[in-house]
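upload.cif (mmCIF, C-alpha atoms)
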data_input
#
loop_
_atom_site.label_atom_id
_atom_site.label_comp_id
_atom_site.auth_asym_id
_atom_site.auth_seq_id
_atom_site.Cartn_x
_atom_site.Cartn_y
_atom_site.Cartn_z
CA MET A 23 -24.16 -31.49 27.93
CA HIS A 24 -22.60 -28.20 26.89
CA SER A 25 -20.89 -27.73 23.54
CA ILE A 26 -17.25 -26.75 23.09
CA ASN A 27 -15.59 -25.14 20.10
CA ARG A 28 -13.03 -26.85 17.90
CA ARG A 29 -9.92 -25.50 19.60
CA GLN A 30 -11.26 -26.35 23.06
CA PHE A 31 -11.99 -29.84 21.79
CA VAL A 32 -8.44 -30.25 20.51
CA LYS A 33 -7.04 -29.17 23.87
CA THR A 34 -9.43 -31.44 25.79
CA VAL A 35 -8.96 -34.58 23.72
CA GLY A 36 -5.22 -34.17 23.11
CA LEU A 37 -3.02 -36.30 20.93
CA GLY A 38 -3.23 -39.18 23.40
CA THR A 39 -6.71 -40.06 22.16
CA MET A 40 -5.37 -41.00 18.76
CA ALA A 41 -2.55 -43.05 20.25
CA GLY A 42 -4.76 -44.89 22.77
CA ALA A 43 -7.76 -45.65 20.57
CA GLY A 44 -6.37 -46.02 17.09
CA MET A 45 -7.81 -43.21 15.04
CA GLY A 46 -11.39 -43.44 16.28
CA LEU A 47 -14.00 -40.71 16.09
CA ALA A 48 -12.21 -38.40 18.52
CA GLY A 49 -8.93 -38.89 16.69
CA ALA A 50 -10.55 -38.13 13.36
CA GLN A 51 -12.01 -34.95 14.81
CA VAL A 52 -8.63 -33.92 16.19
CA ALA A 53 -6.97 -34.57 12.83
CA ALA A 54 -9.65 -32.58 11.03
CA ALA A 55 -9.25 -29.70 13.47
CA ALA A 56 -5.48 -29.73 13.07
CA GLN A 57 -5.80 -29.78 9.29
CA SER A 58 -8.18 -26.81 9.43
CA ASP A 59 -5.69 -24.92 11.61
CA VAL A 60 -2.98 -25.55 9.03
CA LYS A 61 -5.21 -24.07 6.34
CA GLU A 62 -5.86 -20.99 8.50
CA ASN A 63 -2.14 -20.52 9.11
CA LYS A 64 -1.40 -20.80 5.40
CA SER A 65 -3.65 -17.82 4.77
CA LYS A 66 -1.34 -15.78 7.00
CA LEU A 67 1.77 -16.52 4.96
CA ALA A 68 3.34 -13.56 3.22
CA ARG A 69 2.03 -12.92 -0.29
CA LEU A 70 4.24 -10.24 -1.83
CA LEU A 71 3.59 -9.16 -5.39
CA PRO A 72 5.96 -6.91 -7.41
CA GLY A 73 4.64 -3.71 -8.94
CA CYS A 74 5.70 -0.27 -10.10
CA CYS A 75 4.48 3.28 -9.48
CA ALA A 76 3.97 5.58 -12.43
CA TYR A 77 6.02 8.15 -10.48
CA SER A 78 9.10 6.10 -11.38
CA TYR A 79 8.87 7.70 -14.83
CA ASP A 80 7.84 11.12 -13.53
CA LYS A 81 9.77 13.32 -15.96
CA ASP A 82 8.87 11.30 -19.05
CA LEU A 83 5.19 11.20 -18.07
CA ARG A 84 4.97 14.89 -17.19
CA HIS A 85 6.82 16.23 -20.20
CA GLY A 86 6.71 13.36 -22.69
CA PRO A 87 7.34 11.20 -24.55
CA MET A 88 5.73 8.57 -22.28
CA THR A 89 1.96 8.17 -21.86
CA MET A 90 0.09 6.11 -19.28
CA GLU A 91 -0.56 3.57 -22.01
CA ASP A 92 3.20 3.36 -22.58
CA PHE A 93 3.72 2.92 -18.84
CA ILE A 94 1.31 -0.02 -18.76
CA LEU A 95 3.13 -1.70 -21.64
CA LYS A 96 6.50 -1.00 -20.02
CA ALA A 97 5.30 -2.81 -16.89
CA VAL A 98 4.33 -5.77 -19.06
CA ASP A 99 7.84 -5.81 -20.55
CA LEU A 100 9.27 -5.80 -17.02
CA ARG A 101 7.11 -8.83 -16.16
CA LEU A 102 5.36 -7.04 -13.32
CA VAL A 103 2.12 -8.11 -11.65
CA ALA A 104 0.64 -4.64 -11.12
CA VAL A 105 1.05 -0.90 -11.56
CA ASP A 106 0.15 2.04 -9.34
CA MET A 107 -1.70 4.63 -11.44
CA THR A 108 -0.67 8.11 -10.29
CA VAL A 109 -3.40 10.47 -11.44
CA TYR A 110 -1.04 13.42 -12.05
CA TYR A 111 -0.28 11.90 -15.42
CA PHE A 112 -3.80 11.22 -16.67
CA LYS A 113 -4.58 13.22 -19.79
CA SER A 114 -8.25 13.18 -18.83
CA THR A 115 -10.77 11.87 -16.30
CA ASP A 116 -13.34 11.19 -19.01
CA PRO A 117 -14.82 7.71 -18.64
CA GLU A 118 -13.74 6.73 -22.16
CA TYR A 119 -10.08 7.42 -21.32
CA LEU A 120 -10.24 5.62 -17.97
CA TYR A 121 -12.01 2.62 -19.46
CA GLY A 122 -9.38 2.51 -22.19
CA LEU A 123 -6.58 2.24 -19.60
CA ARG A 124 -8.54 -0.41 -17.74
CA HIS A 125 -9.10 -2.44 -20.90
CA LEU A 126 -5.45 -2.19 -21.99
CA ALA A 127 -4.27 -3.48 -18.61
CA TYR A 128 -6.78 -6.32 -18.70
CA LYS A 129 -5.68 -7.41 -22.17
CA HIS A 130 -2.16 -7.82 -20.81
CA SER A 131 -3.20 -9.44 -17.51
CA LEU A 132 -1.85 -6.51 -15.51
CA ALA A 133 -3.58 -5.45 -12.30
CA PHE A 134 -3.97 -1.93 -10.98
CA SER A 135 -2.56 -2.03 -7.43
CA GLY A 136 -4.34 1.27 -6.95
CA ALA A 137 -4.53 4.90 -7.95
CA ALA A 138 -2.63 7.73 -6.27
CA CYS A 139 -3.76 11.33 -5.88
CA GLY A 140 -2.06 14.28 -4.25
CA VAL A 141 -4.91 15.56 -2.07
CA SER A 142 -3.82 16.68 1.41
CA MET A 143 -6.16 16.67 4.41
CA VAL A 144 -4.24 18.95 6.78
CA GLN A 145 -6.13 22.21 6.36
CA ALA A 146 -6.69 24.69 9.19
CA ASP A 147 -9.70 26.21 7.42
CA ALA A 148 -12.91 24.16 7.60
CA ALA A 149 -13.94 25.21 4.08
CA LYS A 150 -10.61 24.00 2.70
CA ARG A 151 -11.02 20.68 4.52
CA ALA A 152 -14.43 20.31 2.92
CA ASP A 153 -12.88 21.01 -0.48
CA SER A 154 -10.19 18.38 0.15
CA LEU A 155 -12.88 15.86 1.03
CA ASN A 156 -14.73 16.62 -2.20
CA GLN A 157 -11.51 16.15 -4.16
CA ILE A 158 -10.90 12.79 -2.52
CA LYS A 159 -14.44 11.74 -3.42
CA LYS A 160 -13.76 12.73 -7.02
CA TRP A 161 -10.64 10.55 -7.14
CA VAL A 162 -12.50 7.69 -5.47
CA ASP A 163 -14.94 7.81 -8.39
CA VAL A 164 -12.03 7.81 -10.85
CA THR A 165 -10.47 4.85 -9.04
CA ASP A 166 -13.77 3.04 -9.29
CA GLN A 167 -13.93 3.65 -13.04
CA LEU A 168 -10.40 2.32 -13.41
CA GLY A 169 -11.49 -0.88 -11.72
CA ALA A 170 -8.97 -0.45 -8.88
CA SER A 171 -9.65 -0.99 -5.19
CA HIS A 172 -7.18 1.38 -3.53
CA LEU A 173 -6.51 5.12 -3.55
CA ARG A 174 -3.44 6.81 -2.03
CA ILE A 175 -4.04 10.11 -0.22
CA PHE A 176 -1.85 12.45 1.85
CA ALA A 177 -2.09 14.06 5.25
CA GLY A 178 0.06 17.06 4.36
CA GLU A 179 2.41 19.62 5.84
CA LEU A 180 1.77 21.18 9.24
CA PRO A 181 0.42 24.74 8.67
CA PRO A 182 2.23 27.57 10.49
CA GLY A 183 0.80 28.15 13.94
CA SER A 184 -0.92 24.77 14.08
CA SER A 185 -0.11 21.92 16.45
CA LEU A 186 0.44 18.28 15.57
CA LYS A 187 -2.64 17.44 17.63
CA ASP A 188 -4.76 19.85 15.55
CA ALA A 189 -3.42 18.39 12.32
CA THR A 190 -4.06 14.83 13.46
CA ASP A 191 -7.62 15.74 14.44
CA TRP A 192 -8.24 17.25 10.99
CA VAL A 193 -6.90 14.16 9.25
CA VAL A 194 -9.02 11.82 11.36
CA GLU A 195 -12.14 13.91 10.72
CA SER A 196 -11.57 14.01 6.95
CA MET A 197 -10.46 10.42 6.57
CA LYS A 198 -13.47 9.07 8.46
CA ALA A 199 -15.82 10.87 6.09
CA ALA A 200 -13.77 9.86 3.05
CA CYS A 201 -13.79 6.19 4.09
CA ASP A 202 -17.55 6.29 4.56
CA TYR A 203 -17.76 7.36 0.92
CA SER A 204 -15.09 5.05 -0.53
CA GLY A 205 -16.31 2.04 1.42
CA LYS A 206 -19.63 2.08 -0.41
CA ARG A 207 -17.62 1.39 -3.56
CA GLY A 208 -15.34 -1.19 -1.97
CA ILE A 209 -12.34 1.15 -2.25
CA THR A 210 -9.73 1.41 0.49
CA LEU A 211 -7.98 4.68 1.25
CA GLY A 212 -4.30 4.49 2.11
CA ILE A 213 -2.74 7.51 3.80
CA GLU A 214 0.93 7.75 2.88
CA ASP A 215 3.67 8.26 5.42
CA HIS A 216 5.11 11.20 3.55
CA GLN A 217 6.79 14.51 4.28
CA GLY A 218 4.68 16.31 6.84
CA VAL A 219 2.67 15.13 9.80
CA THR A 220 2.79 11.40 8.93
CA GLN A 221 6.56 10.87 8.98
CA SER A 222 6.19 9.18 12.35
CA ALA A 223 4.81 5.69 12.82
CA ASP A 224 3.15 6.79 16.06
CA VAL A 225 1.04 9.37 14.24
CA CYS A 226 0.18 6.96 11.40
CA VAL A 227 -0.97 4.28 13.84
CA GLU A 228 -2.94 6.79 15.91
CA ILE A 229 -4.80 7.92 12.78
CA MET A 230 -5.64 4.32 11.88
CA GLN A 231 -6.91 3.51 15.35
CA ARG A 232 -9.06 6.63 15.53
CA VAL A 233 -10.48 6.37 12.00
CA ASN A 234 -11.23 2.73 12.77
CA SER A 235 -12.56 1.76 9.36
CA PRO A 236 -12.02 -1.43 7.35
CA TYR A 237 -11.51 0.89 4.37
CA ALA A 238 -8.66 2.86 5.98
CA GLY A 239 -5.01 1.89 5.80
CA ILE A 240 -1.46 3.12 5.41
CA ASN A 241 0.04 3.48 1.96
CA LEU A 242 3.41 2.43 3.35
CA ASP A 243 6.24 4.30 1.64
CA ILE A 244 9.06 2.75 3.59
CA THR A 245 11.68 5.44 2.91
CA HIS A 246 10.08 8.51 4.50
CA PHE A 247 10.15 7.78 8.24
CA ILE A 248 12.25 10.09 10.42
CA PRO A 249 14.15 8.06 13.05
CA THR A 250 13.39 8.89 16.69
CA PRO A 251 15.38 8.13 19.86
CA THR A 252 13.24 5.02 20.41
CA GLN A 253 12.47 3.87 16.85
CA ASP A 254 14.70 3.72 13.81
CA ALA A 255 13.13 3.62 10.35
CA TYR A 256 12.91 -0.19 10.33
CA ALA A 257 11.09 -0.29 13.68
CA GLN A 258 8.60 2.25 12.34
CA ILE A 259 8.09 0.19 9.19
CA ALA A 260 7.35 -2.86 11.35
CA ALA A 261 4.90 -0.86 13.47
CA CYS A 262 2.93 0.21 10.38
CA VAL A 263 2.93 -3.08 8.44
CA PRO A 264 -0.24 -4.40 10.15
CA TYR A 265 -2.09 -1.38 8.70
CA ALA A 266 -0.36 -1.40 5.29
CA THR A 267 -2.70 -1.55 2.31
CA ASN A 268 -0.21 -0.76 -0.44
CA MET A 269 3.54 -0.33 -0.44
CA HIS A 270 6.02 1.92 -2.27
CA ILE A 271 9.75 1.46 -2.06
CA ARG A 272 12.87 3.26 -3.25
CA ASP A 273 16.43 2.09 -2.74
CA HIS A 274 17.30 5.03 -0.45
CA PHE A 275 15.86 7.00 2.45
CA ASP A 276 15.20 10.74 2.38
CA ASP A 277 18.74 11.38 3.67
CA HIS A 278 20.07 9.25 0.75
CA ALA A 279 21.18 6.44 3.06
CA PRO A 280 20.73 3.08 1.30
CA VAL A 281 17.80 0.86 2.25
CA ASP A 282 18.57 -2.63 3.55
CA MET A 283 16.11 -4.22 1.17
CA ASP A 284 16.48 -7.76 2.49
CA ARG A 285 15.75 -6.52 6.02
CA VAL A 286 12.56 -4.83 4.80
CA TRP A 287 11.34 -8.03 3.17
CA GLN A 288 12.10 -9.98 6.32
CA ILE A 289 9.85 -7.58 8.23
CA LEU A 290 7.08 -8.08 5.67
CA ALA A 291 7.45 -11.86 5.72
CA GLN A 292 7.47 -12.07 9.53
CA ALA A 293 4.27 -10.00 9.62
CA GLY A 294 2.61 -12.23 7.02
CA HIS A 295 1.97 -9.18 4.85
CA GLN A 296 -0.14 -9.76 1.76
CA GLY A 297 -0.05 -7.08 -0.93
CA TYR A 298 1.79 -5.26 -3.68
CA VAL A 299 5.31 -3.93 -3.22
CA SER A 300 5.80 -1.29 -5.90
CA ALA A 301 9.01 0.28 -7.13
CA GLU A 302 8.95 4.06 -6.82
CA TYR A 303 12.23 4.94 -8.48
CA GLU A 304 13.58 8.42 -7.95
CA ALA A 305 16.77 9.70 -9.58
CA SER A 306 17.44 12.17 -6.76
CA SER A 307 21.21 12.52 -6.87
CA PRO A 308 23.71 13.45 -9.62
CA ASP A 309 25.04 9.91 -9.82
CA SER A 310 21.58 8.29 -10.04
CA LEU A 311 20.89 6.06 -13.00
CA PRO A 312 18.31 7.34 -15.48
CA PRO A 313 14.88 5.68 -15.19
CA ALA A 314 15.49 3.67 -18.36
CA THR A 315 18.11 1.65 -16.46
CA GLY A 316 17.35 2.53 -12.83
CA VAL A 317 13.75 1.30 -12.85
CA PRO A 318 14.53 -2.17 -14.27
CA LYS A 319 17.36 -2.54 -11.75
CA LEU A 320 15.09 -1.72 -8.80
CA VAL A 321 12.27 -3.87 -10.21
CA ASP A 322 14.62 -6.83 -10.58
CA GLU A 323 15.63 -6.56 -6.92
CA ILE A 324 11.99 -6.33 -5.85
CA GLN A 325 11.04 -9.37 -7.92
CA THR A 326 13.91 -11.39 -6.47
CA LEU A 327 12.98 -10.52 -2.88
CA CYS A 328 9.26 -11.14 -3.44
CA LYS A 329 10.10 -14.59 -4.78
CA LYS A 330 12.46 -15.25 -1.85
CA TYR A 331 10.07 -14.25 0.93
CA SER A 332 6.62 -14.82 -0.53
CA SER A 333 4.38 -17.89 -0.45
CA VAL A 334 3.64 -17.41 -4.17
#
Represent the supplied structure as structure tokens.
Amino acid sequence: MHSINRRQFVKTVGLGTMAGAGMGLAGAQVAAAAQSDVKENKSKLARLLPGCCAYSYDKDLRHGPMTMEDFILKAVDLRLVAVDMTVYYFKSTDPEYLYGLRHLAYKHSLAFSGAACGVSMVQADAAKRADSLNQIKKWVDVTDQLGASHLRIFAGELPPGSSLKDATDWVVESMKAACDYSGKRGITLGIEDHQGVTQSADVCVEIMQRVNSPYAGINLDITHFIPTPTQDAYAQIAACVPYATNMHIRDHFDDHAPVDMDRVWQILAQAGHQGYVSAEYEASSPDSLPPATGVPKLVDEIQTLCKKYSSV
């Protein structure tokens, strides 16, 4: 007698067994299998958690008066779940400073959705690529000391005289090595779809498939995709969601067109995405609200949509 797996058993026995023989042993097994399937499906429900990127307060963090400690406390006031710790604003990478940020966040039950560095991997010169890899490793170590599990990195701008194929090859080469390093610390690297070679979903997905690491993903900044004849921005967002490890969102695209926020959340919910959706406010036009009012407004919209479309 050969054995069959649970799903084969369900198909073989069918619901008629329960109807024809009361519950019985077969019926109990079918019910148990069905209940297990329900549990598996529940794990695929969208779990969308509101956060905020430090970049939302870029000017205040770069030039004062805000510190990263202030940013953490501001996120607590905004009733956020997590913050994205952009390393541009760290006053130091000394362990004591990093541990202090980590402890402050813990005391207020605030998670770090990740850290974000500005290292770019598109370098035509092999020595410069090696330097970029070393920088990424440095920020992986910083992320580890923060107690976070994700680091945002960039591909970068296409150098003059280089082809997109060359640039993609360089990114794949560097990201594979970087993921080998970060994976030993349980840290995922998310390449952002940002200005440069990764403003196309096709390129982002190709990089993911070629790197082929459980510690590689897309730091999905939904507002940077350039529409193509076959894919608008929303189609490109949907194509990248299965690889998304962290998410940043503004209320406008690069051309200042407004984002259909509800449509974005529908895409996330339909994909069963589970992760942080972080406000990345940018006052990029003369009529933009200042961060003091613009960030809370964007955060409120994110919180409302997360509650609407999430299983939590």
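Here the PyMOL selection byres ((chain A and resi 69) around 7) catches exactly these residues: Leu67, Ala68, Leu70, Leu71, His295, Gln296, Gly297, Ser332, Ser333 and Val334 of chain A.
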How would you write, as a list of chain:residue names, the residues chosen by the PyMOL selection byres ((chain A and resi 321) around 8) on this structure? A:Pro72, A:Gly73, A:Cys74, A:Leu100, A:Ala301, A:Val317, A:Pro318, A:Lys319, A:Leu320, A:Asp322, A:Glu323, A:Ile324, A:Gln325
Quick one: residues within 12 Å of Pro312 of chain A, all atoms listed in the file, excluding same-chain residues fewer than 4 positions away - as a list in words?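 Answer for this query is Ser78, Tyr79, Asp80, Lys81, Asp82, Tyr303, Glu304, Ala305, Ser306, Ser307, Pro308, Gly316, Val317, Pro318, Lys319 and Leu320 of chain A.
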As a check of understanding, name the residues that the PyMOL selection byres ((chain A and resi 272) around 9) selects in the supplied structure, as a list in words.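 For this structure, the PyMOL selection byres ((chain A and resi 272) around 9) resolves to Asp243, Ile244, Thr245, His270, Ile271, Asp273, His274, Phe275, Val281, Ser300, Ala301, Glu302, Tyr303, Glu304 and Leu320 of chain A.
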Please identify every residue of segment 235-270 of chain A that has at least one atom no farther than 12 Å from an atom of segment 104-124 of chain A, counting only C-alpha atoms, and for each give the shortest atom pair and the distance in Å to one decimal, arranged by chain then increasing number, as CSV.
residue,atom,partner,partner_atom,distance
A:Asn241,CA,A:Asp106,CA,11.4
A:Asn268,CA,A:Asp106,CA,9.3
A:Met269,CA,A:Asp106,CA,9.8
A:His270,CA,A:Asp106,CA,9.2
Check which residues of segment 237-332 of chain A sit at most 10 Å from segment 172-179 of chain A using only C-alpha atoms, and return one row each with the closest pair of atoms and their distance in Å to one decimal, ordered by chain and rising number, as a Markdown table.
| residue | atom | partner | partner_atom | distance |
| --- | --- | --- | --- | --- |
| A:Tyr237 | CA | A:His172 | CA | 9.0 |
| A:Ala238 | CA | A:His172 | CA | 9.7 |
| A:Gly239 | CA | A:Arg174 | CA | 9.4 |
| A:Ile240 | CA | A:Arg174 | CA | 8.5 |
| A:Asn241 | CA | A:Arg174 | CA | 6.3 |
| A:Leu242 | CA | A:Arg174 | CA | 9.7 |
| A:Thr267 | CA | A:His172 | CA | 7.9 |
| A:Asn268 | CA | A:His172 | CA | 7.9 |
Can you measure atom CA of Ala199 of chain A to atom CA of Met143 of chain A for me? One decimal in Å is fine. 11.4 Å
If I only have part of segment 199-210 of chain A, can you fill in all heavy atoms and write it as a PDB file, in the coordinates of the input?
ATOM      1  N   ALA A 199     -14.783  10.556   7.074  1.00  0.00           N
ATOM      2  CA  ALA A 199     -15.820  10.870   6.090  1.00  0.00           C
ATOM      3  C   ALA A 199     -15.471  10.307   4.719  1.00  0.00           C
ATOM      4  O   ALA A 199     -16.350   9.799   4.000  1.00  0.00           O
ATOM      5  CB  ALA A 199     -15.998  12.393   6.006  1.00  0.00           C
ATOM      6  N   ALA A 200     -14.193  10.370   4.350  1.00  0.00           N
ATOM      7  CA  ALA A 200     -13.770   9.860   3.050  1.00  0.00           C
ATOM      8  C   ALA A 200     -13.933   8.348   2.977  1.00  0.00           C
ATOM      9  O   ALA A 200     -14.340   7.799   1.938  1.00  0.00           O
ATOM     10  CB  ALA A 200     -12.316  10.250   2.790  1.00  0.00           C
ATOM     11  N   CYS A 201     -13.639   7.640   4.074  1.00  0.00           N
ATOM     12  CA  CYS A 201     -13.790   6.190   4.090  1.00  0.00           C
ATOM     13  C   CYS A 201     -15.250   5.767   4.050  1.00  0.00           C
ATOM     14  O   CYS A 201     -15.592   4.730   3.471  1.00  0.00           O
ATOM     15  CB  CYS A 201     -13.102   5.596   5.315  1.00  0.00           C
ATOM     16  SG  CYS A 201     -11.299   5.616   5.239  1.00  0.00           S
ATOM     17  N   ASP A 202     -16.114   6.569   4.660  1.00  0.00           N
ATOM     18  CA  ASP A 202     -17.550   6.290   4.560  1.00  0.00           C
ATOM     19  C   ASP A 202     -17.985   6.310   3.098  1.00  0.00           C
ATOM     20  O   ASP A 202     -18.814   5.492   2.675  1.00  0.00           O
ATOM     21  CB  ASP A 202     -18.349   7.328   5.357  1.00  0.00           C
ATOM     22  CG  ASP A 202     -18.242   7.134   6.868  1.00  0.00           C
ATOM     23  OD1 ASP A 202     -17.810   6.048   7.289  1.00  0.00           O
ATOM     24  OD2 ASP A 202     -18.574   8.081   7.613  1.00  0.00           O
ATOM     25  N   TYR A 203     -17.419   7.242   2.341  1.00  0.00           N
ATOM     26  CA  TYR A 203     -17.760   7.360   0.920  1.00  0.00           C
ATOM     27  C   TYR A 203     -17.104   6.249   0.096  1.00  0.00           C
ATOM     28  O   TYR A 203     -17.773   5.573  -0.701  1.00  0.00           O
ATOM     29  CB  TYR A 203     -17.299   8.726   0.401  1.00  0.00           C
ATOM     30  CG  TYR A 203     -17.691   9.012  -1.031  1.00  0.00           C
ATOM     31  CD1 TYR A 203     -18.954   9.513  -1.340  1.00  0.00           C
ATOM     32  CD2 TYR A 203     -16.793   8.785  -2.082  1.00  0.00           C
ATOM     33  CE1 TYR A 203     -19.326   9.772  -2.656  1.00  0.00           C
ATOM     34  CE2 TYR A 203     -17.155   9.048  -3.393  1.00  0.00           C
ATOM     35  CZ  TYR A 203     -18.418   9.536  -3.680  1.00  0.00           C
ATOM     36  OH  TYR A 203     -18.779   9.792  -4.987  1.00  0.00           O
ATOM     37  N   SER A 204     -15.806   6.037   0.289  1.00  0.00           N
ATOM     38  CA  SER A 204     -15.090   5.050  -0.530  1.00  0.00           C
ATOM     39  C   SER A 204     -15.547   3.623  -0.224  1.00  0.00           C
ATOM     40  O   SER A 204     -15.581   2.767  -1.115  1.00  0.00           O
ATOM     41  CB  SER A 204     -13.581   5.167  -0.309  1.00  0.00           C
ATOM     42  OG  SER A 204     -13.208   4.760   0.987  1.00  0.00           O
ATOM     43  N   GLY A 205     -15.902   3.380   1.043  1.00  0.00           N
ATOM     44  CA  GLY A 205     -16.310   2.040   1.420  1.00  0.00           C
ATOM     45  C   GLY A 205     -17.544   1.553   0.696  1.00  0.00           C
ATOM     46  O   GLY A 205     -17.701   0.353   0.451  1.00  0.00           O
ATOM     47  N   LYS A 206     -18.425   2.471   0.334  1.00  0.00           N
ATOM     48  CA  LYS A 206     -19.630   2.080  -0.410  1.00  0.00           C
ATOM     49  C   LYS A 206     -19.296   1.586  -1.802  1.00  0.00           C
ATOM     50  O   LYS A 206     -20.131   0.961  -2.462  1.00  0.00           O
ATOM     51  CB  LYS A 206     -20.588   3.276  -0.490  1.00  0.00           C
ATOM     52  CG  LYS A 206     -21.157   3.679   0.868  1.00  0.00           C
ATOM     53  CD  LYS A 206     -21.976   4.958   0.785  1.00  0.00           C
ATOM     54  CE  LYS A 206     -22.472   5.373   2.165  1.00  0.00           C
ATOM     55  NZ  LYS A 206     -23.193   6.670   2.152  1.00  0.00           N
ATOM     56  N   ARG A 207     -18.080   1.862  -2.253  1.00  0.00           N
ATOM     57  CA  ARG A 207     -17.620   1.390  -3.560  1.00  0.00           C
ATOM     58  C   ARG A 207     -16.557   0.296  -3.432  1.00  0.00           C
ATOM     59  O   ARG A 207     -15.956  -0.113  -4.411  1.00  0.00           O
ATOM     60  CB  ARG A 207     -17.051   2.577  -4.362  1.00  0.00           C
ATOM     61  CG  ARG A 207     -18.134   3.554  -4.786  1.00  0.00           C
ATOM     62  CD  ARG A 207     -17.599   4.956  -4.987  1.00  0.00           C
ATOM     63  NE  ARG A 207     -18.657   5.856  -5.440  1.00  0.00           N
ATOM     64  CZ  ARG A 207     -19.602   6.355  -4.643  1.00  0.00           C
ATOM     65  NH1 ARG A 207     -19.632   6.028  -3.360  1.00  0.00           N
ATOM     66  NH2 ARG A 207     -20.532   7.161  -5.125  1.00  0.00           N
ATOM     67  N   GLY A 208     -16.323  -0.139  -2.200  1.00  0.00           N
ATOM     68  CA  GLY A 208     -15.340  -1.190  -1.970  1.00  0.00           C
ATOM     69  C   GLY A 208     -13.908  -0.726  -2.167  1.00  0.00           C
ATOM     70  O   GLY A 208     -13.021  -1.534  -2.449  1.00  0.00           O
ATOM     71  N   ILE A 209     -13.666   0.572  -2.011  1.00  0.00           N
ATOM     72  CA  ILE A 209     -12.340   1.150  -2.250  1.00  0.00           C
ATOM     73  C   ILE A 209     -11.704   1.553  -0.922  1.00  0.00           C
ATOM     74  O   ILE A 209     -12.313   2.262  -0.121  1.00  0.00           O
ATOM     75  CB  ILE A 209     -12.423   2.345  -3.204  1.00  0.00           C
ATOM     76  CG1 ILE A 209     -12.831   1.859  -4.599  1.00  0.00           C
ATOM     77  CG2 ILE A 209     -11.095   3.101  -3.270  1.00  0.00           C
ATOM     78  CD1 ILE A 209     -13.162   2.960  -5.572  1.00  0.00           C
ATOM     79  N   THR A 210     -10.490   1.090  -0.718  1.00  0.00           N
ATOM     80  CA  THR A 210      -9.730   1.410   0.490  1.00  0.00           C
ATOM     81  C   THR A 210      -8.888   2.656   0.276  1.00  0.00           C
ATOM     82  O   THR A 210      -8.305   2.841  -0.801  1.00  0.00           O
ATOM     83  CB  THR A 210      -8.819   0.223   0.864  1.00  0.00           C
ATOM     84  OG1 THR A 210      -9.637  -0.918   1.161  1.00  0.00           O
ATOM     85  CG2 THR A 210      -7.954   0.544   2.070  1.00  0.00           C
TER      86      THR A 210
END
